[in-house]
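Okay, structure first, notes after.
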Amino acid sequence: MTVAEALLDKQEIFPPPEAFAAAAAIPGMAAYRTLMAEAERDYEGFWARLARETLSWKKPFAKVLDETAAPFYKWFEDGRLNASYNSLDRHVEAGHGNRVAIIFEADNGAVTRVTYRDLLLQVCRFANALKKRGIKKGDRVVIYMPMSIEGIAAMQACARIGATHSVVFGGFSSKALHERIVDVGAVAVITADEQVRGGKVLPLKQIVDEALAMEGCDAVQSVIVYRRTGGNIPWVAGRDLWMHELTRGESDSCEPEWVSAEHPLFILYTSGSTGKPKGVQHSTGGYLLWAAQTMKWTFDWKPGDIFWCTADIGWVTGHSYIAYGPLVLGGTQVVFEGVPTYPNAGRFWEMIARHRVSVFYTAPTAIRSLVKTSELDPNTRPTAYDLSSLRLLGTVGEPISPQTWRWYYDQVGGGRCPVVDTWWQTETGGHMIAPMPGATPLVPGSCTLPLPGIMAAIVDETGQEEPNGQGGLLVIKRPWPAMLRTVWGDPERFRKSYFPEELGGHLYLAGDGATRDKDTGYFTITGRIDDVLNVSGHRLGTMEIESALVANPLVAEAAVVSRPDELTGEAIVAFVVLKRQGPGDGDARQLADELRAWVGKEIGPIAKPKDIRFGENLPKTRSGKIMRRLLRSIAKEEGITQDVSTLENPAILSQLGKSY
Ligand code: WTA
């Protein structure tokens, strides 16, 4: 049975619109299969062809894939290139200097357009200024900035001089920022005085100062500050520099640092199974190739498109589909400073109409919240706006339910636009499993099939491949160019987390569970198999939150699980044992709020537990193991069906029944 035949049995399938398919980069399943077959026949040749076609190389590579130190794979290592040259110079050299690179819309609606030429000059001046501060190839620079042209320029300027950037999301606390600055060994921090989101002004520089006042940041020589609001901020003479003063008078030409394709372009921290975040290290060549190639395939990007990815540059989506992918192709994109609900929940639709956005990429959590608000206020319904410019929609970050998918498809896309549900991770660099919009018939709730060249499979706990129809662990069978290269400073953690011996040591373990449709082979992601939570599309480790809670002087023990939540996908539920006697009903609420604020300070507001449940103890087996499955049932308030006979202390179950 072919995929097309199998799909006939499915109730809800959405084949690509004919006109869309006819003009698409991958114009049908036959074309998709041809590419897949090419990769299967000559894996290295396939990737080499794409790398030559998509990127500009200063020195061409001779060797494609080096597997001698597997799983520490190397791609195109003897080739030399520069990410900033590929993103900017080459478009100006090709005569596209006047093309708009970024349409920036500020929180208050003010619009700034920057052309490729202007962006190149800005990046060159900034790169020269960084060099003047002694920052050089291989140095690590932390970027803690709002959504801005300057934030993207900062990333590009680092890439231009071969410095490795590590962007920290502006919603992280000073403690979380400090941990990352120390772990990555930063020599400089680039930030802004303040950020503006949803009409509110929030500090950034002050948080940087708090972080740098903690132990272990001596390597940081420069704090470079973009003036966004002009608000009052603390200042350390000698160390702190205004971006506009530092770049004033700098030359607007700067020879790119030609680096090996394996040179680390960036390190991005993400949550794993232990309390300490992992510094996911990416390469220059392989990463850049995939950021651009997936733009062409998944987003069917074409000259003339107005692309808008609503992610923050603090996450991998903002790296691949704002700071690099669209620029490498010479595209025009919208960059937005604010939030979807300000000044009202019609903001996204209003902006799509204003800027004539053709390809729109956002998170299911944002869609869910806008479904809700549009029910309350008809003026914020997508159908109240002219969204006729749209031709393609995408989602990322978490599962999207078939109902939410349908709303997105019907209400936003007007039933015309394919919806690409893209499965990927910080570690994978770019899309891995996603529909090719001119080829793949869509099934709501499924991310469908792997991209050409990506060998995805589902295996059992021993690494045996499961037949279609069976669920299991999602793995990637062969290395791909955009994969992470290591965990910064912890190669053993890289090997153990991603290439575990239990599976044979050669399969990339994604950490997600998945199923494949019996007939079509379509993938559906069923959620994390480890202790990682997904709250509004943000990855958080349960142990990270537990460590934050037990760092509070009042807390003796804590366990964190999640429960489903209508808006945020998952919600954080914390079970807390206090050092003193459990709180009475009266002060439990106040204490819960204190602990939430505490976690906000330790990690960031995104990590605040929604529910807190106090008990004199946690449910444990006689051997002392916390019964997490039981906690999950309590968190969901679904009634306990598990066997509790092995429980050491059944009496505490009634205490945990109350949530604050
Ligand atoms: C989840 C974001 C279902 C998954 C790019 C993965 C998804 C984690 C999808 C990575 C999707 C991402 N459907 N689940 N389309 N996309 N996920 O590193 O659990 O922030 O492992 O990268 O998000 O999150 P990360």
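Residue numbering restarts at 1 in every chain; chains get A, B, ... in the order shown in the structure tokens, and ligands count up from 1 in that same order.
Once only C-alpha atoms and all ligand atoms are used for the distance check, the residues close to ligand 1 at 7 Å turn out to be A:Thr270, A:Trp315, A:Val316, A:Thr317, A:Thr395, A:Val396, A:Gly397, A:Glu398, A:Pro399, A:Ile400, A:Asp421, A:Thr422, A:Trp423, A:Trp424, A:Gln425, A:Thr426, A:Glu427, A:Cys447, A:Ala510, A:Gly511, A:Asp512, A:Ile525, A:Gly527, A:Arg528, A:Asn534, A:Gly537, A:His538, A:Arg539.
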Task: stretch 171-173 of chain A environment, 6 Å, only C-alpha atoms, sequence neighbours closer than 3 positions dropped, as a ChimeraX atom specification - done: /A:176,601,603-604
Can those selected residues be exported to a file as a PDB file, in the first residue's frame so that it contains all heavy atoms?
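The resulting again-v5.pdb:
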```pdb
ATOM      1  N   ALA A 176      19.966  31.932  37.102  1.00  0.00           N
ATOM      2  CA  ALA A 176      20.061  31.084  35.914  1.00  0.00           C
ATOM      3  C   ALA A 176      21.080  31.678  34.942  1.00  0.00           C
ATOM      4  O   ALA A 176      21.865  30.958  34.315  1.00  0.00           O
ATOM      5  CB  ALA A 176      18.698  30.960  35.247  1.00  0.00           C
ATOM      6  N   LYS A 601      12.709  33.520  41.083  1.00  0.00           N
ATOM      7  CA  LYS A 601      14.022  34.137  41.303  1.00  0.00           C
ATOM      8  C   LYS A 601      15.150  33.164  40.968  1.00  0.00           C
ATOM      9  O   LYS A 601      16.200  33.552  40.463  1.00  0.00           O
ATOM     10  CB  LYS A 601      14.163  34.558  42.783  1.00  0.00           C
ATOM     11  CG  LYS A 601      13.578  35.911  43.072  1.00  0.00           C
ATOM     12  CD  LYS A 601      14.712  36.930  43.246  1.00  0.00           C
ATOM     13  CE  LYS A 601      14.193  38.342  43.107  1.00  0.00           C
ATOM     14  NZ  LYS A 601      15.056  39.225  42.363  1.00  0.00           N
ATOM     15  N   ILE A 603      15.073  30.446  38.888  1.00  0.00           N
ATOM     16  CA  ILE A 603      15.160  30.035  37.476  1.00  0.00           C
ATOM     17  C   ILE A 603      14.585  31.116  36.559  1.00  0.00           C
ATOM     18  O   ILE A 603      15.259  31.587  35.647  1.00  0.00           O
ATOM     19  CB  ILE A 603      14.423  28.696  37.226  1.00  0.00           C
ATOM     20  CG1 ILE A 603      14.975  27.592  38.144  1.00  0.00           C
ATOM     21  CG2 ILE A 603      14.574  28.280  35.756  1.00  0.00           C
ATOM     22  CD1 ILE A 603      14.203  26.286  38.089  1.00  0.00           C
ATOM     23  N   GLY A 604      13.338  31.487  36.816  1.00  0.00           N
ATOM     24  CA  GLY A 604      12.659  32.470  35.966  1.00  0.00           C
ATOM     25  C   GLY A 604      11.168  32.215  36.084  1.00  0.00           C
ATOM     26  O   GLY A 604      10.759  31.115  36.484  1.00  0.00           O
TER      27      GLY A 604
END
```
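Candidate residues A:Met36, A:Leu474, A:Leu647, A:Leu449 were compared for distance to A:Gly624, and the nearest is A:Leu647, using only C-alpha atoms.
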Task: DSSP-assigned helix (DSSP H, G or I) among stretch 14-151 of chain A, expressed as a PyMOL selection string - done: chain A and resi 18-23+29-41+43-54+83-96+116-132+149-151
Open item on the list: Can you pull out the residues contacting A:Arg125? Cut-off 12 Å, using only C-alpha atoms, and skip same-chain residues under 3 positions away; I want them as a PyMOL selection string.
Closed with: chain A and resi 118-122+128-132+150+153-154+156-158+160-161+243-255
Emit the selected residues as a tab-separated table (two decimals), in the first residue's frame, including C-alpha atoms.
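The resulting file, out_24.tsv, is shown below:
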```tsv
chain	number	residue	atom	x	y	z
A	118	ASP	CA	22.54	48.37	6.54
A	119	LEU	CA	22.55	45.19	8.59
A	120	LEU	CA	25.95	44.23	7.18
A	121	LEU	CA	27.42	47.65	8.06
A	122	GLN	CA	25.94	47.49	11.54
A	128	ASN	CA	35.18	45.65	15.00
A	129	ALA	CA	34.14	47.01	18.39
A	130	LEU	CA	34.15	43.52	19.88
A	131	LYS	CA	37.66	43.00	18.52
A	132	LYS	CA	38.76	46.27	20.06
A	150	GLU	CA	20.53	44.67	17.80
A	153	ALA	CA	23.27	41.86	14.99
A	154	ALA	CA	25.07	40.84	18.19
A	156	GLN	CA	25.96	37.89	13.74
A	157	ALA	CA	28.87	40.04	14.98
A	158	CYS	CA	30.09	37.20	17.20
A	160	ARG	CA	31.74	37.23	12.10
A	161	ILE	CA	34.80	37.23	14.35
A	243	MET	CA	26.81	49.77	22.35
A	244	HIS	CA	26.28	53.04	20.45
A	245	GLU	CA	29.40	54.61	21.95
A	246	LEU	CA	31.52	51.54	21.42
A	247	THR	CA	30.62	51.27	17.74
A	248	ARG	CA	30.80	55.00	17.00
A	249	GLY	CA	33.62	55.69	14.58
A	250	GLU	CA	34.29	51.99	13.95
A	251	SER	CA	34.97	51.00	10.38
A	252	ASP	CA	31.99	49.50	8.61
A	253	SER	CA	34.05	46.87	6.95
A	254	CYS	CA	35.34	43.83	8.79
A	255	GLU	CA	36.95	40.85	7.15
```
